[in-house]
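What follows is the content of coords_3.cif (mmCIF, C-alpha atoms).
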```
data_data
loop_
_atom_site.label_atom_id
_atom_site.label_comp_id
_atom_site.auth_asym_id
_atom_site.auth_seq_id
_atom_site.Cartn_x
_atom_site.Cartn_y
_atom_site.Cartn_z
CA MET A 1 -21.49 39.13 48.20
CA GLU A 2 -20.89 35.38 48.24
CA SER A 3 -18.35 33.92 45.85
CA ALA A 4 -19.31 31.21 43.38
CA PRO A 5 -18.43 27.64 44.48
CA SER A 6 -16.09 27.22 41.50
CA VAL A 7 -14.15 30.31 42.57
CA LEU A 8 -13.84 29.04 46.13
CA LEU A 9 -12.70 25.63 44.95
CA GLY A 10 -10.11 27.25 42.69
CA GLU A 11 -8.83 29.34 45.59
CA LEU A 12 -8.70 26.31 47.88
CA PHE A 13 -6.75 24.37 45.24
CA ALA A 14 -4.32 27.22 44.72
CA ARG A 15 -3.68 27.69 48.46
CA SER A 16 -3.53 24.02 49.42
CA PRO A 17 -0.13 22.99 50.84
CA ASP A 18 -0.72 19.44 49.62
CA LEU A 19 0.85 18.31 46.35
CA LEU A 20 -2.27 17.99 44.20
CA PHE A 21 -2.57 17.88 40.42
CA ILE A 22 -5.01 17.43 37.58
CA ALA A 23 -3.50 15.85 34.45
CA SER A 24 -4.74 14.88 31.03
CA ALA A 25 -4.86 11.24 30.01
CA ASP A 26 -1.48 11.55 28.27
CA GLY A 27 0.16 12.80 31.48
CA ALA A 28 0.23 16.54 30.79
CA LEU A 29 -0.28 18.64 33.95
CA LEU A 30 -3.35 20.82 33.56
CA HIS A 31 -3.54 22.28 37.09
CA GLY A 32 -1.23 22.12 40.10
CA SER A 33 -1.87 23.15 43.68
CA GLY A 34 0.15 25.82 45.43
CA GLY A 35 2.00 23.15 47.36
CA LEU A 36 2.95 21.35 44.14
CA ARG A 37 4.28 24.53 42.53
CA GLU A 38 6.27 25.27 45.67
CA ALA A 39 7.74 21.76 45.81
CA LEU A 40 8.56 21.26 42.12
CA GLY A 41 8.90 24.84 40.93
CA PRO A 42 7.37 26.60 37.92
CA GLY A 43 8.13 23.62 35.68
CA VAL A 44 4.80 22.06 36.63
CA GLU A 45 2.90 24.82 34.85
CA GLY A 46 2.21 25.29 31.17
CA GLY A 47 1.23 21.69 30.32
CA ALA A 48 4.45 19.98 31.50
CA ARG A 49 4.33 16.20 31.26
CA LEU A 50 5.03 14.01 34.28
CA ALA A 51 7.21 11.78 32.13
CA ASP A 52 9.45 14.75 31.31
CA LEU A 53 9.84 15.58 35.01
CA ALA A 54 10.54 11.95 35.98
CA HIS A 55 14.03 10.55 36.48
CA PRO A 56 15.20 8.84 33.22
CA ASP A 57 15.48 5.50 35.02
CA ASP A 58 11.89 5.79 36.25
CA ARG A 59 10.16 6.75 33.02
CA ALA A 60 9.55 3.23 31.75
CA ALA A 61 7.95 2.10 35.01
CA LEU A 62 5.98 5.36 35.20
CA SER A 63 4.62 4.66 31.73
CA ALA A 64 3.59 1.14 32.80
CA ALA A 65 1.89 2.43 35.97
CA TRP A 66 0.13 5.21 34.04
CA SER A 67 -1.16 2.71 31.47
CA SER A 68 -2.51 0.57 34.31
CA LEU A 69 -4.19 3.64 35.75
CA LEU A 70 -5.96 4.42 32.48
CA GLN A 71 -7.42 0.93 32.34
CA ARG A 72 -8.79 0.88 35.88
CA ASP A 73 -11.48 2.74 37.79
CA GLU A 74 -9.93 2.37 41.24
CA PRO A 75 -6.95 4.47 42.40
CA VAL A 76 -3.39 3.36 41.58
CA SER A 77 -0.41 4.08 43.82
CA PHE A 78 3.23 4.14 42.75
CA SER A 79 6.53 5.85 43.57
CA VAL A 80 8.51 8.07 41.25
CA ARG A 81 11.36 10.55 41.35
CA LEU A 82 10.41 13.99 39.95
CA ARG A 83 12.70 16.89 39.18
CA ASP A 84 12.18 20.02 41.29
CA GLY A 85 12.85 23.64 40.39
CA GLY A 86 16.52 23.33 41.38
CA GLY A 87 17.14 20.34 39.12
CA ALA A 88 17.31 17.75 41.91
CA TYR A 89 15.11 14.66 41.93
CA ARG A 90 12.69 14.11 44.81
CA ALA A 91 11.33 10.67 45.68
CA LEU A 92 7.54 10.91 45.87
CA SER A 93 4.62 8.54 46.29
CA CYS A 94 1.69 9.14 43.97
CA SER A 95 -1.95 8.13 44.35
CA ALA A 96 -4.12 8.85 41.29
CA SER A 97 -7.40 7.83 39.66
CA ARG A 98 -9.48 8.67 36.60
CA SER A 99 -12.06 11.44 36.81
CA SER A 100 -15.72 10.45 36.68
CA ASP A 101 -15.95 11.41 32.98
CA ARG A 102 -12.62 9.66 32.30
CA SER A 103 -11.27 12.77 30.60
CA ALA A 104 -8.61 13.54 33.22
CA VAL A 105 -6.51 12.09 36.02
CA LEU A 106 -6.77 13.40 39.61
CA GLY A 107 -3.74 12.78 41.79
CA SER A 108 -1.78 13.68 44.90
CA LEU A 109 1.91 13.40 45.75
CA ARG A 110 3.71 13.05 49.08
CA PRO A 111 7.30 12.34 50.08
CA ALA A 112 8.13 8.68 49.61
CA PRO A 113 9.40 6.69 52.60
CA ALA A 114 11.91 4.88 50.41
CA PRO A 115 15.40 6.35 49.85
CA ALA A 116 15.74 8.73 46.93
CA ALA A 117 17.99 6.30 45.08
CA ALA A 118 15.40 3.54 45.15
CA PRO A 119 13.89 2.67 41.77
CA LEU A 120 10.24 3.15 41.03
CA ALA A 121 8.02 0.77 42.98
CA ALA A 122 4.88 0.08 40.98
CA ALA A 123 1.72 -1.52 42.23
CA THR A 124 3.06 -4.93 41.12
CA PRO A 125 6.59 -5.55 42.48
CA MET A 126 9.23 -6.19 39.82
CA THR A 127 12.68 -7.71 40.01
CA GLU A 128 15.69 -5.70 38.95
CA GLY A 129 16.01 -7.84 35.84
CA GLU A 130 12.42 -7.18 34.86
CA LEU A 131 12.90 -3.45 35.40
CA SER A 132 16.05 -3.50 33.25
CA THR A 133 14.19 -5.28 30.47
CA LEU A 134 11.30 -2.82 30.75
CA ARG A 135 13.66 0.14 30.59
CA LEU A 136 15.39 -1.30 27.53
CA LYS A 137 12.06 -1.78 25.77
CA ALA A 138 11.08 1.79 26.68
CA ARG A 139 14.34 3.14 25.21
CA ILE A 140 13.79 1.16 22.02
CA LEU A 141 10.22 2.44 21.73
CA ASP A 142 11.32 6.03 22.41
CA GLY A 143 14.06 5.71 19.81
CA LEU A 144 11.61 4.56 17.17
CA ALA A 145 9.07 7.27 18.04
CA GLU A 146 11.68 10.04 18.13
CA HIS A 147 13.83 9.27 15.08
CA VAL A 148 11.90 7.27 12.46
CA ASP A 149 10.24 9.94 10.32
CA PRO A 150 7.41 8.02 8.63
CA LEU A 151 6.35 6.09 11.75
CA THR A 152 3.33 6.30 14.04
CA ILE A 153 2.98 3.91 17.00
CA TRP A 154 -0.24 3.53 18.94
CA ALA A 155 -1.81 1.09 21.37
CA LEU A 156 -5.36 0.39 22.53
CA ASP A 157 -6.72 -1.26 25.64
CA GLY A 158 -9.47 -3.86 25.59
CA ASP A 159 -12.15 -1.19 25.29
CA GLY A 160 -10.52 0.60 22.36
CA ILE A 161 -9.09 3.42 24.50
CA TYR A 162 -5.77 4.84 23.33
CA LEU A 163 -2.99 4.06 25.80
CA TYR A 164 -0.18 5.27 23.56
CA HIS A 165 -0.05 7.58 20.54
CA ASP A 166 3.37 8.77 19.41
CA GLY A 167 5.78 9.00 16.50
CA LYS A 168 7.16 11.64 14.17
CA ALA A 169 4.48 10.96 11.56
CA VAL A 170 1.72 11.96 13.99
CA ALA A 171 2.28 15.63 13.14
CA LYS A 172 1.93 14.93 9.42
CA ALA A 173 -1.54 13.53 10.11
CA GLY A 174 -2.45 16.85 11.75
CA PHE A 175 -2.27 15.77 15.40
CA THR A 176 0.00 16.40 18.34
CA ARG A 177 1.90 13.51 19.85
CA GLY A 178 -0.20 11.79 22.50
CA GLN A 179 -3.35 13.66 21.47
CA HIS A 180 -5.46 10.51 21.23
CA VAL A 181 -4.40 9.05 24.61
CA GLY A 182 -7.47 8.44 26.77
CA ARG A 183 -9.88 8.71 23.84
CA SER A 184 -11.86 5.92 22.22
CA ILE A 185 -10.96 4.80 18.74
CA TYR A 186 -14.64 4.02 18.18
CA ASP A 187 -15.50 7.66 18.84
CA LEU A 188 -12.73 8.89 16.54
CA TYR A 189 -12.97 6.46 13.62
CA GLY A 190 -15.96 4.17 14.20
CA ALA A 191 -18.60 6.50 12.76
CA THR A 192 -20.42 3.66 10.98
CA PRO A 193 -21.47 0.25 12.37
CA GLU A 194 -19.35 -1.41 9.69
CA ALA A 195 -16.21 0.48 10.72
CA ALA A 196 -16.76 -0.29 14.41
CA ALA A 197 -17.36 -3.99 13.64
CA GLU A 198 -14.13 -4.14 11.64
CA MET A 199 -12.21 -2.63 14.56
CA ARG A 200 -13.60 -5.24 16.96
CA LYS A 201 -12.12 -7.95 14.76
CA TRP A 202 -8.67 -6.66 15.73
CA TYR A 203 -9.08 -8.52 19.03
CA ASP A 204 -9.50 -11.96 17.44
CA GLY A 205 -5.81 -12.81 17.78
CA GLN A 206 -4.92 -12.42 14.10
CA ILE A 207 -2.08 -10.17 12.95
CA ARG A 208 -3.25 -7.89 10.18
CA ARG A 209 -1.58 -5.67 7.62
CA GLY A 210 -3.22 -3.31 5.17
CA ARG A 211 -2.89 -0.08 3.26
CA SER A 212 -5.23 2.87 3.61
CA GLU A 213 -5.46 6.56 2.82
CA ALA A 214 -6.21 8.95 5.68
CA HIS A 215 -5.33 12.47 6.79
CA GLY A 216 -3.84 13.28 3.38
CA ALA A 217 -1.32 10.42 3.40
CA ASP A 218 -1.01 6.75 2.43
CA TRP A 219 -0.40 4.39 5.36
CA ASP A 220 0.92 0.85 5.59
CA THR A 221 -0.35 -0.45 8.94
CA TRP A 222 0.36 -3.54 11.04
CA LEU A 223 -2.17 -4.51 13.74
CA VAL A 224 -0.76 -6.82 16.42
CA PRO A 225 -3.02 -8.31 19.15
CA LEU A 226 -1.64 -7.96 22.69
CA PRO A 227 -2.52 -10.82 25.08
CA SER A 228 -2.68 -10.19 28.81
CA GLU A 229 -0.13 -13.00 29.17
CA PRO A 230 1.37 -15.59 26.82
CA GLY A 231 -1.56 -17.62 25.55
CA GLY A 232 -4.05 -15.45 27.46
CA ARG A 233 -7.00 -13.43 26.23
CA ILE A 234 -6.43 -10.42 23.99
CA ASP A 235 -6.86 -7.21 25.97
CA GLY A 236 -5.07 -4.74 23.71
CA VAL A 237 -3.92 -3.95 20.18
CA LEU A 238 -0.61 -2.52 18.99
CA GLY A 239 -0.72 -0.46 15.81
CA VAL A 240 2.35 0.48 13.75
CA SER A 241 1.64 2.78 10.79
CA LEU A 242 4.20 3.77 8.17
CA ASP A 243 3.65 6.80 5.97
CA VAL A 244 4.30 5.39 2.49
CA SER A 245 3.12 8.43 0.55
CA ASP A 246 6.54 9.00 -1.02
CA SER A 247 6.90 5.38 -2.11
CA ARG A 248 3.34 5.43 -3.48
CA ILE A 249 4.24 8.47 -5.59
CA VAL A 250 7.33 6.66 -6.90
CA GLU A 251 5.21 3.57 -7.55
CA ASN A 252 2.66 5.58 -9.54
CA GLU A 253 5.42 7.28 -11.54
CA LEU A 254 6.99 3.90 -12.29
CA ARG A 255 3.60 2.52 -13.39
CA ILE A 256 3.13 5.50 -15.72
CA GLN A 257 6.61 4.93 -17.18
CA LEU A 258 5.90 1.23 -17.70
CA ASP A 259 2.61 2.08 -19.43
CA GLN A 260 4.47 4.52 -21.68
CA ILE A 261 7.09 1.89 -22.50
CA ALA A 262 4.38 -0.64 -23.32
CA ALA A 263 2.65 1.88 -25.60
CA GLN A 264 5.95 2.67 -27.34
CA GLN A 265 6.67 -1.02 -27.84
CA LYS A 266 3.24 -1.47 -29.39
CA VAL A 267 3.93 1.42 -31.79
CA ILE A 268 7.27 -0.13 -32.71
CA ARG A 269 5.64 -3.51 -33.31
CA ASP A 270 2.93 -1.92 -35.44
CA LEU A 271 5.55 -0.07 -37.50
CA SER A 272 7.68 -3.20 -37.87
CA THR A 273 4.72 -5.24 -39.18
CA PRO A 274 2.51 -2.82 -41.17
CA ILE A 275 -0.46 -4.31 -43.01
CA ILE A 276 -0.69 -2.60 -46.43
CA GLU A 277 -3.46 -2.88 -48.99
CA VAL A 278 -1.29 -2.88 -52.14
CA TRP A 279 -4.17 -3.67 -54.47
CA ASP A 280 -7.91 -3.83 -54.25
CA GLY A 281 -8.52 -7.03 -52.30
CA VAL A 282 -4.78 -7.74 -51.77
CA LEU A 283 -3.08 -7.21 -48.37
CA THR A 284 0.63 -7.54 -47.79
CA LEU A 285 2.46 -7.91 -44.51
CA PRO A 286 6.19 -7.25 -44.76
CA MET A 287 8.03 -8.70 -41.76
CA VAL A 288 11.53 -7.45 -40.90
CA GLY A 289 14.02 -8.40 -38.22
CA THR A 290 13.57 -10.99 -35.48
CA VAL A 291 10.28 -12.83 -35.44
CA ASP A 292 9.29 -14.40 -32.12
CA SER A 293 6.16 -16.13 -30.86
CA VAL A 294 4.64 -13.01 -29.29
CA ARG A 295 5.10 -10.98 -32.44
CA THR A 296 3.69 -13.79 -34.60
CA ALA A 297 0.58 -14.09 -32.42
CA GLU A 298 -0.05 -10.33 -32.65
CA VAL A 299 0.44 -10.43 -36.42
CA MET A 300 -2.12 -13.23 -36.71
CA ASP A 301 -4.76 -11.26 -34.80
CA SER A 302 -4.17 -8.04 -36.75
CA LEU A 303 -4.02 -9.66 -40.19
CA LEU A 304 -7.15 -11.77 -39.74
CA ALA A 305 -9.07 -8.71 -38.52
CA GLN A 306 -7.94 -6.70 -41.59
CA ILE A 307 -8.95 -9.51 -43.95
CA VAL A 308 -12.47 -9.48 -42.58
CA GLU A 309 -12.69 -5.67 -42.48
CA LYS A 310 -11.41 -5.09 -46.04
CA ARG A 311 -12.88 -8.28 -47.54
CA ALA A 312 -9.49 -9.18 -48.93
CA ARG A 313 -9.04 -12.03 -51.42
CA PHE A 314 -5.29 -12.47 -50.88
CA ALA A 315 -2.90 -11.93 -47.99
CA ILE A 316 0.83 -11.92 -48.76
CA LEU A 317 3.35 -12.64 -45.98
CA ASP A 318 6.62 -11.10 -47.13
CA LEU A 319 9.52 -12.76 -45.25
CA THR A 320 12.26 -11.14 -47.32
CA GLY A 321 13.62 -9.27 -44.29
CA VAL A 322 13.52 -12.25 -41.94
CA GLU A 323 16.76 -14.20 -41.58
CA VAL A 324 15.90 -16.71 -38.87
CA VAL A 325 12.78 -18.15 -37.27
CA ASP A 326 12.50 -20.95 -34.74
CA THR A 327 10.37 -24.05 -35.16
CA ARG A 328 7.60 -22.65 -32.98
CA VAL A 329 7.30 -19.46 -35.05
CA ALA A 330 7.31 -21.45 -38.29
CA SER A 331 4.43 -23.51 -36.96
CA HIS A 332 2.55 -20.27 -36.14
CA LEU A 333 3.06 -19.02 -39.72
CA ILE A 334 1.61 -22.23 -41.17
CA GLN A 335 -1.33 -21.96 -38.80
CA LEU A 336 -1.81 -18.36 -39.96
CA ILE A 337 -2.04 -19.48 -43.62
CA THR A 338 -4.63 -22.08 -42.60
CA ALA A 339 -6.65 -19.45 -40.71
CA ILE A 340 -6.56 -17.15 -43.77
CA ARG A 341 -8.08 -19.89 -45.89
CA LEU A 342 -10.82 -20.47 -43.35
CA LEU A 343 -11.81 -16.81 -43.84
CA GLY A 344 -12.22 -17.38 -47.61
CA ALA A 345 -8.94 -15.75 -48.69
CA ASP A 346 -5.70 -17.15 -50.06
CA GLY A 347 -2.44 -16.84 -48.16
CA ILE A 348 0.84 -16.41 -50.04
CA VAL A 349 4.32 -16.63 -48.49
CA ALA A 350 6.96 -14.65 -50.38
CA GLY A 351 10.71 -14.12 -50.06
CA ILE A 352 11.55 -17.16 -47.91
CA LYS A 353 15.27 -17.32 -47.11
CA PRO A 354 17.11 -20.69 -47.28
CA THR A 355 17.52 -20.88 -43.50
CA VAL A 356 13.83 -20.23 -42.97
CA ALA A 357 12.95 -22.85 -45.59
CA GLN A 358 15.09 -25.43 -43.82
CA THR A 359 13.40 -24.70 -40.51
CA MET A 360 9.93 -25.08 -41.99
CA VAL A 361 10.87 -28.38 -43.67
CA ALA A 362 12.38 -29.67 -40.42
CA LEU A 363 8.98 -29.36 -38.78
CA GLY A 364 7.79 -32.35 -40.75
CA LEU A 365 4.53 -30.62 -41.63
CA ASP A 366 2.58 -30.99 -44.86
CA LEU A 367 3.67 -28.00 -46.96
CA THR A 368 2.11 -29.15 -50.24
CA GLN A 369 -0.81 -26.74 -49.85
CA LEU A 370 1.45 -23.79 -49.02
CA ASN A 371 1.47 -21.17 -51.80
CA THR A 372 5.01 -19.69 -51.99
CA GLN A 373 6.46 -17.11 -54.38
CA ARG A 374 10.06 -15.99 -54.92
CA ASN A 375 9.52 -12.38 -53.82
CA LEU A 376 6.84 -9.80 -53.18
CA ARG A 377 6.61 -8.78 -56.84
CA ALA A 378 5.98 -12.34 -57.94
CA ALA A 379 3.37 -12.79 -55.22
CA LEU A 380 1.58 -9.58 -56.21
CA ASN A 381 1.57 -10.59 -59.90
CA TYR A 382 0.13 -13.96 -58.92
CA ALA A 383 -2.66 -12.38 -56.91
CA ILE A 384 -3.54 -9.83 -59.61
CA ARG A 385 -3.60 -12.49 -62.35
CA ALA A 386 -5.77 -14.73 -60.22
CA MET A 387 -8.21 -11.92 -59.51
CA THR A 388 -8.24 -10.76 -63.16
CA GLY A 389 -8.82 -14.32 -64.40
CA ALA A 390 -11.63 -14.82 -61.93
CA GLN A 391 -13.30 -11.58 -63.01
CA GLY A 392 -12.93 -12.53 -66.71
CA ALA A 393 -14.45 -15.94 -66.12
CA SER A 394 -17.29 -14.33 -64.24
CA SER A 395 -17.96 -11.88 -67.11
CA ALA A 396 -17.89 -14.65 -69.73
CA ALA A 397 -20.31 -16.73 -67.76
CA SER A 398 -22.80 -13.83 -67.46
CA PRO A 399 -25.16 -13.09 -70.46
CA ALA A 400 -25.07 -9.65 -72.12
CA PRO A 401 -27.83 -7.26 -71.12
CA GLY A 402 -31.00 -7.77 -73.18
CA LYS A 403 -29.89 -11.13 -74.58
CA LYS A 404 -31.07 -14.51 -73.62
CA PRO A 405 -28.59 -17.28 -73.15
CA ALA A 406 -28.33 -19.81 -75.95
CA PRO A 407 -30.35 -22.96 -75.44
#
```
Take the structure in this file and express it as structure tokens.
Amino acid sequence: MESAPSVLLGELFARSPDLLFIASADGALLHGSGGLREALGPGVEGGARLADLAHPDDRAALSAAWSSLLQRDEPVSFSVRLRDGGGAYRALSCSASRSSDRSAVLGSLRPAPAPAAAPLAAATPMTEGELSTLRLKARILDGLAEHVDPLTIWALDGDGIYLYHDGKAVAKAGFTRGQHVGRSIYDLYGATPEAAAEMRKWYDGQIRRGRSEAHGADWDTWLVPLPSEPGGRIDGVLGVSLDVSDSRIVENELRIQLDQIAAQQKVIRDLSTPIIEVWDGVLTLPMVGTVDSVRTAEVMDSLLAQIVEKRARFAILDLTGVEVVDTRVASHLIQLITAIRLLGADGIVAGIKPTVAQTMVALGLDLTQLNTQRNLRAALNYAIRAMTGAQGASSAASPAPGKKPAP
């Protein structure tokens, strides 16, 4: 009975003495040939990452070469030192390319002609200084990804393919580190034409920052365009996302507290300036403590509204409990009396202290039309007498029922 082609291919791969591998886009080994397992030991199985097997000094250059590989269709060759089963590092040359569906990387390894101590030789030769700078940048990036809890770092190529996807906050979003590498951001997050169009704007050279809610968390994200060279065209995007969920919770709690404080202050102001209807058609507003411009403006709005609502004839401002007012507040009080008259009522100021009187005189305003009384009792008596006299005059002027007025 003939075996299926897939079985024969699997057997050939397993028995091959060559160092062959199939890896995911993020560098995890999916399958290794028998020769690879023999050369590097069992560490190549179980999804081991090439970067973890590489010599620490070679990891930065390996990352650069791997990123170049993901952006190209043709094979890429480079040298790297990989750890074998005994813990020693072997210098190997690698030739790899993307699979036809771009979901995996197909590669082969062979002993490198260069000495084992030689640094990684990438497709584009680098000076020792450039390699040192690249390694430093890689260590900085690894430090951020490994130790900054709320951080996610990711990078896209010119086609929107993830080249990098790491950071401790990746797990909080429900993903594994490097899970998006090799996948298109348009496939993952560009479900609508509007979303895809917005993502394409990231390549216009402008640095962007914004807040969004996704994967059960609040994110503060910076989007940084990556030019191919200084001043060159944009062929990539760097994304740095901070999980600000905790600070957003604190911000919301603080906003709630501020709203509560504002509500309490309003209650205090209302209690400190109650508008009381002491008689039918007579409102009194006792003011106590410090009177400032804000409080005076609120009093004016409330009192004028009550005059209209209750159809009051008199409004008494009782300043007995006020020791000091400034010139601006005194001006507001005079304007309030004028506004009361415009509504068809009479305004009375009662209980003015000497210091307040001096301030009002110092304004240089015309106070001849200002109705003042010594205290609240005197003001109330004045209002009641005025209303009683007006009602009596009205009754006298009206003829008795059934009688005709005298000619």
- The residue from A:Arg377, A:His332, A:Arg59, A:Arg341 with the smallest atom-to-atom distance to A:Lys137, counting all atoms listed in the file, is A:Arg59
- Message: So, with all atoms listed in the file as the atoms that count, which of A:Gln179, A:Arg385, A:Leu82, A:Gly167 lies closest to A:Leu40?
- Response: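 With all atoms listed in the file as the atom set, the closest residue is A:Leu82.
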- Task: Carefully work through the PyMOL selection byres ((chain A and resi 33) around 12) for this structure and note down the residues it includes, as an NGL selection string.
- Result: :A and (9-23 or 29-32 or 34-42 or 44-45 or 106-109)
- Task: With only C-alpha atoms counted, which protein, DNA or RNA residues have an atom no more than 12 Å from (12.0, -24.3, -47.2) in the file frame? Please answer as a PyMOL selection string.
- Result: chain A and resi 319+324-325+330+349-368+370-374
- Message: I'd like the residues picked by the PyMOL selection byres ((chain A and resi 28) around 8) written out as a PyMOL selection string, using the chain letters and numbers from the file.
- Response: chain A and resi 23-27+29-30+47-50
- Task: State, in Å with one decimal place, the distance from atom CA of A:Asp204 to atom CA of A:Gly178.
- Result: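 Separation between atom CA of A:Asp204 and atom CA of A:Gly178: 26.0 Å.
The space separating atom CA of A:Met287 from atom CA of A:Ala379 comes to 14.8 Å.
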- Work out how far apart atom CA of A:Glu323 and atom CA of A:Val291 are and give it in Å to one decimal.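 Straight-line distance from atom CA of A:Glu323 to atom CA of A:Val291 works out to 9.0 Å.
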- Task: Give as a ChimeraX atom specification every residue, naming chains and numbers as the document does, that has an atom within 7 Å of (-9.4, -7.6, -52.5), counting only C-alpha atoms.
- Result: /A:279-282,311-314
May I have the selected residues written with C-alpha atoms, as a CSV table (one decimal), in the frame of the given file?
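File written: out.csv
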```csv
chain,number,residue,atom,x,y,z
A,279,TRP,CA,-4.2,-3.7,-54.5
A,280,ASP,CA,-7.9,-3.8,-54.2
A,281,GLY,CA,-8.5,-7.0,-52.3
A,282,VAL,CA,-4.8,-7.7,-51.8
A,311,ARG,CA,-12.9,-8.3,-47.5
A,312,ALA,CA,-9.5,-9.2,-48.9
A,313,ARG,CA,-9.0,-12.0,-51.4
A,314,PHE,CA,-5.3,-12.5,-50.9
```
- Tell me, as an MDAnalysis selection string, which residues lie within 12 Å of stretch 298-308 of chain A, counting all atoms listed in the file; anything in the same chain fewer than 2 positions away does not count. chainID A and resid 266 269:277 280:287 291:296 310:317 329 332:347
- Message: Could you list, as a list in words, every residue within 12 Å of A:Lys172, counting all atoms listed in the file and ignoring same-chain residues fewer than 2 positions away?
- Response: Asp149, Pro150, Leu151, Thr152, Asp166, Gly167, Lys168, Ala169, Val170, Gly174, Phe175, Thr176, Arg177, Ala214, His215, Gly216, Ala217, Asp218, Trp219, Leu242, Asp243 and Ser245 of chain A
- Message: Here is a test: counting only C-alpha atoms, which residue of A:Asp52, A:Ala60, A:Ile384, A:Val76 is nearest to A:Glu130?
- Response: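 Smallest separation from A:Glu130 among the options: A:Ala60.
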- Using only C-alpha atoms: which of A:Tyr382, A:Trp66, A:Tyr186, A:Trp222 has the shortest distance to A:Val105: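 Checking each of A:Tyr382, A:Trp66, A:Tyr186, A:Trp222 against A:Val105, counting only C-alpha atoms, the winner is A:Trp66.
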Quick one: what's the axis-aligned box for stretch 74-91 of chain A, all listed atoms, 3 Å on every side, centre and edges in Å to one decimal, as JSON?
```
{"center_x": 3.7, "center_y": 13.0, "center_z": 42.4, "size_x": 33.2, "size_y": 27.3, "size_z": 12.6}
```
